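Enquirer: Data file protein33.cif (mmCIF, C-alpha atoms) is appended below.
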data_run
loop_
_atom_site.label_atom_id
_atom_site.label_comp_id
_atom_site.auth_asym_id
_atom_site.auth_seq_id
_atom_site.Cartn_x
_atom_site.Cartn_y
_atom_site.Cartn_z
CA MET A 22 12.07 8.22 -5.44
CA THR A 23 12.38 4.72 -4.07
CA MET A 24 10.56 1.73 -5.47
CA VAL A 25 8.34 1.57 -2.36
CA HIS A 26 7.27 5.20 -2.77
CA GLU A 27 6.61 4.67 -6.48
CA ARG A 28 4.49 1.61 -5.71
CA ASN A 29 2.50 3.49 -3.05
CA ARG A 30 1.96 6.42 -5.43
CA SER A 31 0.83 4.01 -8.15
CA LEU A 32 -1.64 2.33 -5.78
CA ILE A 33 -3.10 5.70 -4.79
CA GLN A 34 -3.35 6.85 -8.41
CA THR A 35 -5.07 3.60 -9.37
CA TRP A 36 -7.62 4.09 -6.58
CA GLU A 37 -8.28 7.63 -7.85
CA PHE A 38 -8.64 6.36 -11.42
CA LEU A 39 -11.12 3.67 -10.41
CA ARG A 40 -13.11 6.22 -8.40
CA GLU A 41 -13.24 8.54 -11.43
CA LEU A 42 -14.41 5.68 -13.64
CA SER A 43 -17.08 4.69 -11.12
CA GLN A 44 -18.52 8.22 -11.14
CA ASP A 45 -18.26 9.04 -14.86
CA MET A 46 -21.86 9.09 -16.08
CA GLU A 47 -20.68 9.13 -19.71
CA LEU A 48 -19.36 5.58 -19.32
CA PRO A 49 -21.59 2.51 -19.63
CA GLU A 50 -23.09 1.24 -16.38
CA SER A 51 -21.15 -2.02 -16.74
CA ILE A 52 -17.81 -0.13 -16.58
CA ARG A 53 -18.93 1.99 -13.62
CA SER A 54 -20.18 -1.11 -11.79
CA GLN A 55 -16.91 -2.95 -12.41
CA ALA A 56 -14.92 0.03 -11.09
CA LYS A 57 -17.16 0.19 -7.99
CA ALA A 58 -16.71 -3.55 -7.41
CA LEU A 59 -12.92 -3.23 -7.66
CA LEU A 60 -12.90 -0.28 -5.27
CA ARG A 61 -14.85 -2.22 -2.66
CA HIS A 62 -11.72 -4.13 -1.59
CA TYR A 63 -9.00 -1.83 -2.89
CA PRO A 64 -6.86 -0.12 -0.24
CA SER A 65 -7.53 3.58 0.27
CA ALA A 66 -4.78 6.20 0.42
CA LYS A 67 -5.15 6.10 4.20
CA ASP A 68 -4.68 2.30 4.24
CA ILE A 69 -1.61 2.55 2.02
CA SER A 70 -0.08 5.28 4.19
CA LEU A 71 -0.72 3.28 7.36
CA ALA A 72 0.88 0.16 5.85
CA ALA A 73 3.96 2.18 4.90
CA ARG A 74 4.27 3.59 8.44
CA LEU A 75 3.87 0.12 9.96
CA ARG A 76 6.49 -1.28 7.59
CA GLN A 77 8.90 1.49 8.60
CA HIS A 78 8.20 0.90 12.30
CA ARG A 79 8.72 -2.84 11.89
CA LYS A 80 12.12 -2.29 10.29
CA LYS A 81 13.22 0.06 13.09
CA GLU A 82 12.14 -2.39 15.78
CA LEU A 83 13.84 -5.35 14.10
CA ALA A 84 17.04 -3.34 13.59
CA PHE A 85 16.97 -2.45 17.29
CA LEU A 86 16.54 -6.12 18.24
CA ALA A 87 19.45 -7.10 16.02
CA ASP A 88 21.66 -4.41 17.56
CA GLU A 89 20.72 -5.40 21.11
CA HIS A 90 20.62 -9.19 20.82
CA GLY A 91 22.75 -10.14 17.86
CA PRO A 92 21.75 -11.87 14.64
CA LEU A 93 18.04 -12.38 14.13
CA PRO A 94 16.48 -15.67 13.09
CA PRO A 95 16.31 -15.85 9.26
CA VAL A 96 12.57 -15.20 9.10
CA LEU A 97 12.95 -11.94 11.01
CA ALA A 98 16.16 -10.93 9.25
CA SER A 99 14.39 -11.27 5.90
CA TRP A 100 11.88 -8.62 7.03
CA LEU A 101 14.76 -6.17 7.43
CA MET A 102 15.70 -6.67 3.78
CA ASP A 103 12.10 -6.55 2.52
CA ASP A 104 11.26 -3.38 0.57
CA GLY A 105 7.58 -4.25 0.44
#
In structure tokens, write the structure found in this file.
Expert:
Amino acid sequence: MTMVHERNRSLIQTWEFLRELSQDMELPESIRSQAKALLRHYPSAKDISLAARLRQHRKKELAFLADEHGPLPPVLASWLMDDG
């Protein structure tokens, strides 16, 4: 499994963990509230999946540009090397 896939899986598992904490009535309200607050701006599994697809699409498009038009400017070439 690549580092990107491991990171995506970790993000999704963290979201699930926070959701479980936020709903566990055996935990103090302060812990549940903190988990809910963190979840408010945490990316969902859908968001993470979409970002991965966009990243993959970006790399394909940039590779195509490089093949068609020669070397890319450094800022664009760095996106081809980016695993994140």
Enquirer: Would you be able to write out as an NGL selection string which residues have an atom within 12 Å of (-7.0, 0.8, -8.2) in the file's coordinates, counting all atoms listed in the file?
Expert: :A and (28-43 or 55-66 or 69)
Enquirer: For CA of Glu89 in chain A and CA of Arg74 in chain A, determine how far apart the two atoms are, in Å to one decimal place.
Expert: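 Interatomic distance, CA of Glu89 in chain A to CA of Arg74 in chain A: 22.6 Å.
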Enquirer: For this structure, which residues satisfy the selection - the PyMOL selection byres ((chain A and resi 73) around 12) - when it is evaluated on the file as given? I want them as an mmCIF file with C-alpha atoms, keeping the file's coordinate frame.
Expert:
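out.cif written:
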data_model
loop_
_atom_site.group_PDB
_atom_site.id
_atom_site.type_symbol
_atom_site.label_atom_id
_atom_site.label_comp_id
_atom_site.auth_asym_id
_atom_site.auth_seq_id
_atom_site.Cartn_x
_atom_site.Cartn_y
_atom_site.Cartn_z
ATOM 1 C CA VAL A 25 8.340 1.570 -2.360
ATOM 2 C CA HIS A 26 7.270 5.200 -2.770
ATOM 3 C CA GLU A 27 6.610 4.670 -6.480
ATOM 4 C CA ARG A 28 4.490 1.610 -5.710
ATOM 5 C CA ASN A 29 2.500 3.490 -3.050
ATOM 6 C CA ARG A 30 1.960 6.420 -5.430
ATOM 7 C CA ALA A 66 -4.780 6.200 0.420
ATOM 8 C CA LYS A 67 -5.150 6.100 4.200
ATOM 9 C CA ASP A 68 -4.680 2.300 4.240
ATOM 10 C CA ILE A 69 -1.610 2.550 2.020
ATOM 11 C CA SER A 70 -0.080 5.280 4.190
ATOM 12 C CA LEU A 71 -0.720 3.280 7.360
ATOM 13 C CA ALA A 72 0.880 0.160 5.850
ATOM 14 C CA ARG A 74 4.270 3.590 8.440
ATOM 15 C CA LEU A 75 3.870 0.120 9.960
ATOM 16 C CA ARG A 76 6.490 -1.280 7.590
ATOM 17 C CA GLN A 77 8.900 1.490 8.600
ATOM 18 C CA HIS A 78 8.200 0.900 12.300
ATOM 19 C CA ARG A 79 8.720 -2.840 11.890
ATOM 20 C CA LYS A 80 12.120 -2.290 10.290
ATOM 21 C CA ASP A 104 11.260 -3.380 0.570
ATOM 22 C CA GLY A 105 7.580 -4.250 0.440
#
Enquirer: Go ahead and compute the interatomic distance for CA of Met24 in chain A and CA of Glu82 in chain A, in Å to one decimal.
Expert: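 Distance reported for this atom pair: 21.7 Å.
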Enquirer: I'd like the interatomic distance between CA of Ser99 in chain A and CA of Ala84 in chain A, to a tenth of an Å.
Expert: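 These two atoms are separated by 11.4 Å.
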